[in-house]
$ cat input18.pdb   # PDB, C-alpha atoms and all ligand atoms
ATOM      1  CA  MET A 100      17.042 -21.274 -11.026
ATOM      2  CA  ARG A 101      13.354 -20.518 -10.448
ATOM      3  CA  GLN A 102      12.110 -17.055 -11.435
ATOM      4  CA  LYS A 103      10.463 -15.311  -8.499
ATOM      5  CA  PHE A 104       6.730 -14.692  -8.955
ATOM      6  CA  VAL A 105       4.715 -12.060  -7.097
ATOM      7  CA  ALA A 106       0.932 -11.965  -7.537
ATOM      8  CA  GLY A 107      -1.598  -9.540  -6.091
ATOM      9  CA  ASN A 108      -4.849 -10.993  -4.797
ATOM     10  CA  TRP A 109      -7.189  -8.020  -4.705
ATOM     11  CA  LYS A 110      -9.998 -10.119  -3.176
ATOM     12  CA  MET A 111     -13.447  -8.411  -3.248
ATOM     13  CA  HIS A 112     -12.048  -4.890  -3.271
ATOM     14  CA  GLY A 113     -12.341  -2.071  -5.769
ATOM     15  CA  SER A 114     -14.556   0.073  -7.970
ATOM     16  CA  LYS A 115     -14.084   1.284 -11.533
ATOM     17  CA  ALA A 116     -12.502   4.449 -10.164
ATOM     18  CA  SER A 117     -10.151   2.735  -7.671
ATOM     19  CA  VAL A 118      -9.082   0.132 -10.262
ATOM     20  CA  GLU A 119      -8.242   2.948 -12.666
ATOM     21  CA  ALA A 120      -6.137   4.698 -10.016
ATOM     22  CA  LEU A 121      -4.354   1.507  -8.880
ATOM     23  CA  MET A 122      -3.545   0.511 -12.465
ATOM     24  CA  ALA A 123      -2.214   3.999 -13.225
ATOM     25  CA  GLY A 124       0.116   3.677 -10.222
ATOM     26  CA  LEU A 125       1.269   0.169 -11.143
ATOM     27  CA  ILE A 126       1.847   1.050 -14.805
ATOM     28  CA  LYS A 127       3.840   4.133 -13.826
ATOM     29  CA  GLN A 128       6.169   2.099 -11.600
ATOM     30  CA  ALA A 129       6.197  -1.176 -13.551
ATOM     31  CA  ASP A 130       9.622  -0.571 -15.064
ATOM     32  CA  GLN A 131      11.108  -0.332 -11.534
ATOM     33  CA  ALA A 132       9.630  -3.651 -10.446
ATOM     34  CA  GLY A 133      12.753  -5.704 -11.119
ATOM     35  CA  ALA A 134      13.173  -9.185 -12.546
ATOM     36  CA  ALA A 135      10.302 -11.027 -10.861
ATOM     37  CA  LYS A 136       7.281 -12.242 -12.789
ATOM     38  CA  ILE A 137       4.297 -10.113 -11.736
ATOM     39  CA  ALA A 138       0.540 -10.631 -11.915
ATOM     40  CA  VAL A 139      -2.544  -8.934 -10.521
ATOM     41  CA  CYS A 140      -5.796 -10.793  -9.800
ATOM     42  CA  PRO A 141      -8.737  -8.387  -9.684
ATOM     43  CA  PRO A 142     -12.368  -9.330  -9.055
ATOM     44  CA  SER A 143     -13.733 -10.901 -12.286
ATOM     45  CA  LEU A 144     -15.834  -7.857 -13.146
ATOM     46  CA  TYR A 145     -12.726  -5.677 -13.404
ATOM     47  CA  ILE A 146     -10.455  -8.071 -15.319
ATOM     48  CA  ASP A 147     -11.328  -6.541 -18.668
ATOM     49  CA  GLN A 148     -10.673  -3.035 -17.336
ATOM     50  CA  VAL A 149      -7.251  -4.117 -16.041
ATOM     51  CA  VAL A 150      -6.301  -5.902 -19.282
ATOM     52  CA  THR A 151      -7.384  -2.861 -21.319
ATOM     53  CA  ALA A 152      -5.401  -0.463 -19.106
ATOM     54  CA  LEU A 153      -2.261  -2.596 -19.498
ATOM     55  CA  ARG A 154      -2.734  -2.920 -23.253
ATOM     56  CA  ASN A 155      -3.378   0.806 -23.764
ATOM     57  CA  ALA A 156      -0.231   1.624 -21.799
ATOM     58  CA  GLY A 157       1.865  -0.980 -23.670
ATOM     59  CA  CYS A 158       2.749  -2.494 -20.280
ATOM     60  CA  GLU A 159       3.886  -6.056 -20.903
ATOM     61  CA  ASN A 160       5.466  -7.090 -17.607
ATOM     62  CA  ILE A 161       2.250  -7.385 -15.588
ATOM     63  CA  ALA A 162       0.101 -10.463 -16.234
ATOM     64  CA  VAL A 163      -3.510 -10.885 -15.158
ATOM     65  CA  GLY A 164      -5.247 -13.620 -13.196
ATOM     66  CA  ALA A 165      -8.662 -14.386 -11.749
ATOM     67  CA  GLN A 166      -9.464 -15.360  -8.156
ATOM     68  CA  ASN A 167     -11.730 -18.335  -8.858
ATOM     69  CA  MET A 168     -13.629 -20.161 -11.600
ATOM     70  CA  THR A 169     -16.062 -23.044 -11.848
ATOM     71  CA  THR A 170     -15.244 -26.653 -12.762
ATOM     72  CA  GLU A 171     -17.358 -26.375 -15.934
ATOM     73  CA  PRO A 172     -14.896 -25.380 -18.659
ATOM     74  CA  ASP A 173     -17.004 -23.660 -21.323
ATOM     75  CA  SER A 174     -20.556 -22.402 -21.040
ATOM     76  CA  GLY A 175     -23.972 -23.622 -19.994
ATOM     77  CA  ALA A 176     -26.754 -23.313 -17.454
ATOM     78  CA  PHE A 177     -24.610 -22.447 -14.430
ATOM     79  CA  THR A 178     -26.131 -19.211 -13.164
ATOM     80  CA  GLY A 179     -23.618 -16.880 -11.599
ATOM     81  CA  GLU A 180     -20.512 -18.849 -12.564
ATOM     82  CA  VAL A 181     -17.435 -17.900 -14.593
ATOM     83  CA  SER A 182     -15.631 -20.478 -16.752
ATOM     84  CA  ALA A 183     -12.016 -21.079 -17.702
ATOM     85  CA  ARG A 184     -12.812 -20.304 -21.325
ATOM     86  CA  MET A 185     -14.245 -16.921 -20.331
ATOM     87  CA  LEU A 186     -11.152 -16.110 -18.266
ATOM     88  CA  LYS A 187      -8.929 -16.942 -21.244
ATOM     89  CA  ASP A 188     -11.178 -14.906 -23.510
ATOM     90  CA  VAL A 189     -10.742 -11.754 -21.411
ATOM     91  CA  GLY A 190      -6.959 -12.142 -21.183
ATOM     92  CA  CYS A 191      -6.174 -14.106 -18.006
ATOM     93  CA  GLU A 192      -2.987 -16.133 -17.757
ATOM     94  CA  PHE A 193      -3.494 -17.249 -14.127
ATOM     95  CA  VAL A 194      -6.296 -18.301 -11.808
ATOM     96  CA  ILE A 195      -6.079 -18.523  -8.009
ATOM     97  CA  LEU A 196      -7.715 -21.775  -6.879
ATOM     98  CA  GLY A 197      -8.499 -23.183  -3.458
ATOM     99  CA  HIS A 198      -7.887 -19.980  -1.510
ATOM    100  CA  SER A 199      -8.593 -20.621   2.172
ATOM    101  CA  GLU A 200     -11.431 -18.075   2.120
ATOM    102  CA  ARG A 201     -13.142 -20.147  -0.589
ATOM    103  CA  ARG A 202     -12.432 -23.387   1.254
ATOM    104  CA  ALA A 203     -13.840 -21.983   4.520
ATOM    105  CA  MET A 204     -16.729 -19.815   3.300
ATOM    106  CA  PHE A 205     -17.770 -21.454   0.034
ATOM    107  CA  ALA A 206     -17.304 -25.100   1.012
ATOM    108  CA  GLU A 207     -14.558 -25.882  -1.512
ATOM    109  CA  THR A 208     -13.197 -29.316  -0.700
ATOM    110  CA  ASN A 209      -9.832 -30.726  -1.758
ATOM    111  CA  GLU A 210     -11.719 -32.693  -4.445
ATOM    112  CA  VAL A 211     -13.429 -29.604  -5.892
ATOM    113  CA  VAL A 212     -10.139 -27.701  -5.885
ATOM    114  CA  ALA A 213      -8.435 -30.601  -7.715
ATOM    115  CA  GLU A 214     -11.169 -30.592 -10.395
ATOM    116  CA  LYS A 215     -10.745 -26.857 -10.854
ATOM    117  CA  VAL A 216      -6.969 -27.237 -11.217
ATOM    118  CA  LYS A 217      -7.535 -29.880 -13.897
ATOM    119  CA  THR A 218     -10.013 -27.668 -15.778
ATOM    120  CA  ALA A 219      -7.662 -24.680 -15.598
ATOM    121  CA  LEU A 220      -4.750 -26.692 -17.010
ATOM    122  CA  GLU A 221      -6.894 -28.115 -19.805
ATOM    123  CA  ASN A 222      -7.771 -24.561 -20.766
ATOM    124  CA  ASP A 223      -4.219 -23.259 -20.733
ATOM    125  CA  LEU A 224      -4.565 -21.250 -17.516
ATOM    126  CA  THR A 225      -1.847 -21.517 -14.869
ATOM    127  CA  PRO A 226      -3.431 -22.367 -11.508
ATOM    128  CA  ILE A 227      -2.119 -20.680  -8.374
ATOM    129  CA  LEU A 228      -3.033 -23.505  -6.008
ATOM    130  CA  CYS A 229      -3.480 -22.249  -2.433
ATOM    131  CA  ILE A 230      -2.822 -24.569   0.479
ATOM    132  CA  GLY A 231      -2.289 -23.967   4.164
ATOM    133  CA  GLU A 232      -3.241 -24.962   7.685
ATOM    134  CA  THR A 233      -5.415 -23.246  10.290
ATOM    135  CA  LEU A 234      -3.979 -22.295  13.680
ATOM    136  CA  ALA A 235      -5.961 -25.114  15.338
ATOM    137  CA  GLU A 236      -4.489 -27.640  12.900
ATOM    138  CA  ARG A 237      -0.954 -26.352  13.490
ATOM    139  CA  GLU A 238      -1.373 -26.432  17.268
ATOM    140  CA  ALA A 239      -2.786 -29.954  17.103
ATOM    141  CA  GLY A 240       0.361 -31.110  15.278
ATOM    142  CA  LYS A 241      -1.535 -31.707  12.049
ATOM    143  CA  LEU A 242       0.384 -29.275   9.835
ATOM    144  CA  GLU A 243       2.132 -31.896   7.697
ATOM    145  CA  ALA A 244      -0.959 -34.106   7.412
ATOM    146  CA  VAL A 245      -3.128 -31.193   6.227
ATOM    147  CA  ILE A 246      -0.571 -29.972   3.685
ATOM    148  CA  SER A 247       0.043 -33.512   2.385
ATOM    149  CA  GLU A 248      -3.681 -34.103   1.907
ATOM    150  CA  GLN A 249      -4.114 -30.825   0.050
ATOM    151  CA  VAL A 250      -1.205 -31.599  -2.290
ATOM    152  CA  GLU A 251      -2.117 -35.268  -2.713
ATOM    153  CA  ALA A 252      -5.726 -34.474  -3.710
ATOM    154  CA  VAL A 253      -4.454 -32.497  -6.706
ATOM    155  CA  LEU A 254      -1.585 -34.869  -7.473
ATOM    156  CA  SER A 255      -3.942 -37.848  -7.710
ATOM    157  CA  VAL A 256      -6.132 -36.036 -10.257
ATOM    158  CA  VAL A 257      -3.600 -34.288 -12.517
ATOM    159  CA  GLY A 258      -0.381 -36.269 -11.953
ATOM    160  CA  ILE A 259       3.101 -35.013 -11.108
ATOM    161  CA  ASP A 260       4.056 -33.825 -14.615
ATOM    162  CA  ALA A 261       1.221 -31.283 -14.515
ATOM    163  CA  PHE A 262       2.930 -29.624 -11.522
ATOM    164  CA  ALA A 263       5.474 -28.186 -13.942
ATOM    165  CA  LYS A 264       2.620 -25.826 -14.919
ATOM    166  CA  ILE A 265       1.180 -25.200 -11.447
ATOM    167  CA  VAL A 266       2.172 -22.455  -9.016
ATOM    168  CA  ILE A 267       1.648 -23.317  -5.350
ATOM    169  CA  ALA A 268       0.888 -20.649  -2.751
ATOM    170  CA  TYR A 269       1.526 -21.704   0.843
ATOM    171  CA  GLU A 270      -0.739 -19.522   2.946
ATOM    172  CA  PRO A 271      -1.018 -20.342   6.647
ATOM    173  CA  VAL A 272      -4.634 -19.390   7.364
ATOM    174  CA  TRP A 273      -3.660 -17.754  10.679
ATOM    175  CA  ALA A 274      -1.390 -15.316   8.824
ATOM    176  CA  ILE A 275      -3.909 -14.109   6.222
ATOM    177  CA  GLY A 276      -5.071 -10.546   6.777
ATOM    178  CA  THR A 277      -4.069 -10.730  10.438
ATOM    179  CA  GLY A 278      -0.738  -8.925  10.361
ATOM    180  CA  LYS A 279       0.826 -12.114  11.801
ATOM    181  CA  THR A 280       3.364 -13.350   9.279
ATOM    182  CA  ALA A 281       4.936 -16.749   9.534
ATOM    183  CA  SER A 282       8.603 -16.223  10.373
ATOM    184  CA  ALA A 283      11.000 -16.816   7.505
ATOM    185  CA  ASP A 284      12.134 -20.060   9.190
ATOM    186  CA  GLN A 285       8.582 -21.294   9.771
ATOM    187  CA  ALA A 286       7.623 -20.593   6.160
ATOM    188  CA  GLN A 287      10.817 -22.095   4.736
ATOM    189  CA  GLU A 288      10.237 -25.281   6.715
ATOM    190  CA  VAL A 289       6.791 -25.791   5.173
ATOM    191  CA  HIS A 290       7.948 -24.815   1.673
ATOM    192  CA  ALA A 291      10.714 -27.406   1.870
ATOM    193  CA  PHE A 292       8.186 -29.961   3.107
ATOM    194  CA  ILE A 293       5.884 -29.242   0.126
ATOM    195  CA  ARG A 294       8.770 -29.545  -2.347
ATOM    196  CA  GLY A 295       9.820 -32.766  -0.615
ATOM    197  CA  GLN A 296       6.292 -34.163  -1.036
ATOM    198  CA  LEU A 297       6.434 -33.519  -4.780
ATOM    199  CA  ALA A 298      10.006 -34.841  -5.019
ATOM    200  CA  LYS A 299       8.783 -38.249  -3.901
ATOM    201  CA  SER A 300       6.953 -38.447  -7.252
ATOM    202  CA  ASN A 301       9.513 -36.617  -9.401
ATOM    203  CA  PRO A 302      12.517 -34.670  -8.062
ATOM    204  CA  GLN A 303      13.091 -32.790 -11.345
ATOM    205  CA  VAL A 304       9.539 -31.453 -11.433
ATOM    206  CA  ALA A 305       9.660 -30.632  -7.695
ATOM    207  CA  GLU A 306      12.794 -28.563  -8.246
ATOM    208  CA  LYS A 307      11.003 -26.434 -10.863
ATOM    209  CA  VAL A 308       7.745 -25.736  -9.010
ATOM    210  CA  VAL A 309       7.330 -22.118  -7.942
ATOM    211  CA  ILE A 310       6.060 -21.969  -4.346
ATOM    212  CA  GLN A 311       4.833 -18.559  -3.205
ATOM    213  CA  TYR A 312       4.329 -17.554   0.415
ATOM    214  CA  GLY A 313       1.134 -15.687   1.316
ATOM    215  CA  GLY A 314      -0.117 -14.193   4.571
ATOM    216  CA  SER A 315       0.586 -10.602   5.622
ATOM    217  CA  MET A 316       3.576 -10.222   3.288
ATOM    218  CA  LYS A 317       4.541  -6.556   3.256
ATOM    219  CA  PRO A 318       7.467  -4.457   1.979
ATOM    220  CA  VAL A 319       9.023  -4.705   5.454
ATOM    221  CA  ASN A 320       9.145  -8.538   5.623
ATOM    222  CA  ALA A 321       9.129  -9.514   1.919
ATOM    223  CA  GLN A 322      12.880  -9.584   1.400
ATOM    224  CA  GLU A 323      13.635 -11.881   4.334
ATOM    225  CA  LEU A 324      10.862 -14.300   3.373
ATOM    226  CA  MET A 325      11.791 -14.436  -0.299
ATOM    227  CA  ALA A 326      15.489 -14.882   0.482
ATOM    228  CA  GLN A 327      14.695 -18.391   1.780
ATOM    229  CA  PRO A 328      15.793 -21.140  -0.603
ATOM    230  CA  ASP A 329      12.310 -22.607  -1.165
ATOM    231  CA  ILE A 330      10.271 -19.380  -1.123
ATOM    232  CA  ASP A 331       9.863 -18.324  -4.726
ATOM    233  CA  GLY A 332       7.665 -15.267  -4.404
ATOM    234  CA  GLY A 333       4.491 -14.073  -2.759
ATOM    235  CA  LEU A 334       0.724 -14.020  -3.028
ATOM    236  CA  ILE A 335      -0.116 -10.605  -1.672
ATOM    237  CA  GLY A 336      -3.532  -9.563  -0.348
ATOM    238  CA  GLY A 337      -3.790  -6.267   1.537
ATOM    239  CA  ALA A 338      -0.459  -4.841   0.377
ATOM    240  CA  SER A 339      -1.341  -5.416  -3.302
ATOM    241  CA  LEU A 340      -3.995  -2.694  -3.141
ATOM    242  CA  LYS A 341      -1.346   0.029  -2.852
ATOM    243  CA  ALA A 342       0.807   0.389  -5.984
ATOM    244  CA  GLU A 343       3.857   1.551  -4.020
ATOM    245  CA  ASP A 344       3.747  -1.363  -1.572
ATOM    246  CA  PHE A 345       3.144  -3.941  -4.279
ATOM    247  CA  ILE A 346       6.021  -2.665  -6.413
ATOM    248  CA  ALA A 347       8.277  -2.569  -3.325
ATOM    249  CA  ILE A 348       7.486  -6.260  -2.710
ATOM    250  CA  CYS A 349       8.249  -7.049  -6.374
ATOM    251  CA  GLN A 350      11.585  -5.262  -5.953
ATOM    252  CA  ALA A 351      12.301  -7.260  -2.788
ATOM    253  CA  ALA A 352      11.763 -10.448  -4.788
ATOM    254  CA  GLY A 353      14.629  -9.500  -7.056
ATOM    255  CA  ALA A 354      16.912  -8.368  -4.241
TER
HETATM  256  P1  LIG B 401      -2.890 -10.847   3.046
HETATM  257  O1  LIG B 401      -3.674 -11.926   2.118
HETATM  258  O2  LIG B 401      -1.627 -10.506   2.309
HETATM  259  O3  LIG B 401      -3.828  -9.702   3.161
HETATM  260  O4  LIG B 401      -2.624 -11.541   4.352
HETATM  261  C1  LIG B 401      -2.997 -12.925   1.404
HETATM  262  C2  LIG B 401      -3.991 -13.788   0.688
HETATM  263  O5  LIG B 401      -5.048 -14.093   1.265
HETATM  264  O6  LIG B 401      -3.750 -14.215  -0.457
END

$ encode --input "input18.pdb" --output "C-alpha cells"
Amino acid sequence: MRQKFVAGNWKMHGSKASVEALMAGLIKQADQAGAAKIAVCPPSLYIDQVVTALRNAGCENIAVGAQNMTTEPDSGAFTGEVSARMLKDVGCEFVILGHSERRAMFAETNEVVAEKVKTALENDLTPILCIGETLAEREAGKLEAVISEQVEAVLSVVGIDAFAKIVIAYEPVWAIGTGKTASADQAQEVHAFIRGQLAKSNPQVAEKVVIQYGGSMKPVNAQELMAQPDIDGGLIGGASLKAEDFIAICQAAGA
C-alpha cells in the first residue's frame, strides 16, 4: 500500500509577510490533514523561514522541499545557483525537478533533469520528478512517446532501483494553472502507463513508486483523482497558496 503524498508548489509567489500568514494557517490545521504525507515547496529564499516556523511550532507532519537546484552538488563559482548540499543544510527533504515551466522557460532538457535527479539522490534529497505532455503533443498522438522519453532519460542515468527513492509527478502541461484538469480516467490512464514503463525494468519497484497528479487539482476534484488506483497524491500549485484549500486536498487524499 503506497502512502498518499501531497506537495504544494508555491512557484514564485510570496513575501515574508504572506509566508508567515500561510504557515500560521497550515500549522493551525495540520493536525486535521489526515494520513497523507505532506510537503510544501516555497521559493528558495523562504525555505529557512518555513523550516523555522515549523520547528518553532513543533509541527512535524509537514516536510519541506525546494523547486529546483543546480547539477553542481556542493559549492563553487556558479553565480546565482543553489546546490543540493545547501538545500539539505537548510532542512529540505524534497526537491521538485524538471517542472514543465523550467523545461519550457529555462531550457531544461531531459538530460539536464536526469543529472539533477542523480545529484539530488546522491545528496539524500528525494526528487519530485515532473513529467507531462503539451496539448500539441497529446493531439498529435505523441503522449506515450513523450512520457516514455522523459522517464527513460532518468532511468538510463540512475537505474531502476533508484526509483524506489523518486516521486514522480505527472503534470499534463495543458492542465497547469489553466483550470482544465485531466479527467480522473485520463489521468489514471497515464499513471498506469508510467507504472507499466517502470515495471518493464522491475515490477516490485514500479509497484512502490509514488506517482502524483498535478494540474489544477483543487478541493473539488482532488478526491476523485486520488481515488484512482495509480494516483498516489498531488502536486498542487495555485490551491497550495491557501491553507484551507491545501489542507482540504490533503484530507481528500486520505478519504
Ligand atoms: P496548478 O499547478 O495546480 O496551479 O495547476 C501545478 C503545478 O504546476 O505543479

$ residues_near_ligand --input "input18.pdb" --ligand "ligand LIG 401 (chain B)" --cutoff "8 Å" --atoms "only C-alpha atoms and all ligand atoms" --output "PyMOL selection string"
chain A and resi 107-108+110+198-200+270+274-278+280+313-317+334-339

$ atom_distance --input "input18.pdb" --atom1 "CA of Tyr269 in chain A" --atom2 "CA of Ser282 in chain A"
13.1 Å

$ residues_around --input "input18.pdb" --residues "Ser143 in chain A" --least-positions-apart "4" --cutoff "12 Å" --atoms "only C-alpha atoms" --output "count of residues only"
31

$ atom_distance --input "input18.pdb" --atom1 "CA of Pro328 in chain A" --atom2 "CA of Gln287 in chain A"
7.4 Å

$ residues_near_point --input "input18.pdb" --point "(4.3, -3.0, -14.1)" --cutoff "12 Å" --atoms "only C-alpha atoms" --output "number ranges by chain"
A: 105-107, 121-139, 149, 152-154, 156-163, 342-343, 345-347, 349-350

$ closest_residue --input "input18.pdb" --among "A:Val250, A:Val257, A:Ile293, A:Ala351" --to "Lys215 in chain A" --atoms "all atoms listed in the file"
A:Val257

$ residues_around --input "input18.pdb" --residues "range 217-233 of chain A" --least-positions-apart "4" --cutoff "7 Å" --atoms "all atoms listed in the file" --output "JSON, numbers by chain"
{"A": [170, 172, 183, 184, 192, 193, 194, 195, 196, 197, 198, 213, 237, 242, 245, 246, 249, 257, 264, 265, 266, 267, 268, 269, 270, 271, 272, 273]}

$ residues_around --input "input18.pdb" --residues "Gln327 in chain A" --least-positions-apart "5" --cutoff "10 Å" --atoms "only C-alpha atoms" --output "ChimeraX atom specification"
/A:283-284,286-288,290-291,322,332

$ atom_distance --input "input18.pdb" --atom1 "CA of Val253 in chain A" --atom2 "CA of Ala176 in chain A"
26.4 Å

$ resolve_selection --input "input18.pdb" --expression "the PyMOL selection byres (((chain A and resi 259) around 9) and not hetatm)" --output "MDAnalysis selection string"
chainID A and resid 254:255 257:258 260:263 297 300:301 304:305

$ closest_residue --input "input18.pdb" --among "A:Val216, A:Leu144, A:Ala281, A:Ala298" --to "Asn320 in chain A" --atoms "all atoms listed in the file"
A:Ala281

$ decode --input "input18.pdb" --residues "range 311-337 of chain A" --atoms "N, CA and C atoms" --output "compact mmCIF listing (two decimals), in the first residue's frame"
# COMPACT_ATOMS: atom_id res chain seq x y z
N GLN A 311 2.33 11.25 -8.27
CA GLN A 311 1.36 12.32 -8.00
C GLN A 311 0.76 12.81 -9.31
N TYR A 312 -0.45 13.35 -9.22
CA TYR A 312 -1.04 14.07 -10.36
C TYR A 312 -0.91 15.56 -10.07
N GLY A 313 -0.60 16.36 -11.07
CA GLY A 313 -0.57 17.81 -10.91
C GLY A 313 -1.20 18.50 -12.10
N GLY A 314 -1.90 19.60 -11.85
CA GLY A 314 -2.54 20.36 -12.92
C GLY A 314 -3.95 20.69 -12.50
N SER A 315 -4.11 21.90 -11.91
CA SER A 315 -5.43 22.38 -11.48
C SER A 315 -6.13 21.41 -10.51
N MET A 316 -5.36 20.75 -9.64
CA MET A 316 -6.03 19.95 -8.60
C MET A 316 -6.53 20.92 -7.53
N LYS A 317 -7.80 20.70 -7.14
CA LYS A 317 -8.46 21.60 -6.20
C LYS A 317 -9.26 20.74 -5.22
N PRO A 318 -9.73 21.35 -4.11
CA PRO A 318 -10.54 20.55 -3.18
C PRO A 318 -11.71 19.85 -3.88
N VAL A 319 -12.28 20.49 -4.90
CA VAL A 319 -13.48 19.95 -5.54
C VAL A 319 -13.20 18.72 -6.43
N ASN A 320 -11.98 18.59 -6.96
CA ASN A 320 -11.72 17.42 -7.82
C ASN A 320 -10.68 16.45 -7.23
N ALA A 321 -10.09 16.82 -6.08
CA ALA A 321 -8.96 16.05 -5.53
C ALA A 321 -9.35 14.61 -5.19
N GLN A 322 -10.54 14.47 -4.58
CA GLN A 322 -10.91 13.14 -4.09
C GLN A 322 -11.08 12.14 -5.24
N GLU A 323 -11.75 12.59 -6.30
CA GLU A 323 -11.99 11.69 -7.43
C GLU A 323 -10.67 11.29 -8.10
N LEU A 324 -9.78 12.27 -8.26
CA LEU A 324 -8.48 11.97 -8.88
C LEU A 324 -7.70 10.99 -8.02
N MET A 325 -7.62 11.28 -6.73
CA MET A 325 -6.76 10.46 -5.87
C MET A 325 -7.37 9.11 -5.50
N ALA A 326 -8.63 8.92 -5.87
CA ALA A 326 -9.27 7.61 -5.65
C ALA A 326 -8.85 6.61 -6.72
N GLN A 327 -8.22 7.09 -7.79
CA GLN A 327 -7.79 6.19 -8.88
C GLN A 327 -6.65 5.30 -8.38
N PRO A 328 -6.60 4.06 -8.86
CA PRO A 328 -5.63 3.12 -8.30
C PRO A 328 -4.16 3.51 -8.46
N ASP A 329 -3.83 4.26 -9.51
CA ASP A 329 -2.41 4.62 -9.71
C ASP A 329 -2.10 6.07 -9.41
N ILE A 330 -3.07 6.80 -8.85
CA ILE A 330 -2.82 8.21 -8.49
C ILE A 330 -2.59 8.28 -6.98
N ASP A 331 -1.34 8.60 -6.63
CA ASP A 331 -0.92 8.46 -5.24
C ASP A 331 -0.77 9.80 -4.52
N GLY A 332 -1.42 10.84 -5.04
CA GLY A 332 -1.32 12.12 -4.38
C GLY A 332 -1.34 13.24 -5.40
N GLY A 333 -0.91 14.42 -4.98
CA GLY A 333 -0.97 15.56 -5.88
C GLY A 333 0.19 16.52 -5.71
N LEU A 334 0.55 17.17 -6.80
CA LEU A 334 1.47 18.31 -6.74
C LEU A 334 0.61 19.53 -7.04
N ILE A 335 0.46 20.38 -6.04
CA ILE A 335 -0.57 21.41 -6.08
C ILE A 335 0.06 22.79 -6.24
N GLY A 336 -0.31 23.51 -7.29
CA GLY A 336 0.19 24.87 -7.49
C GLY A 336 -0.72 25.88 -6.82
N GLY A 337 -1.59 26.49 -7.61
CA GLY A 337 -2.46 27.57 -7.13
C GLY A 337 -3.15 27.29 -5.80
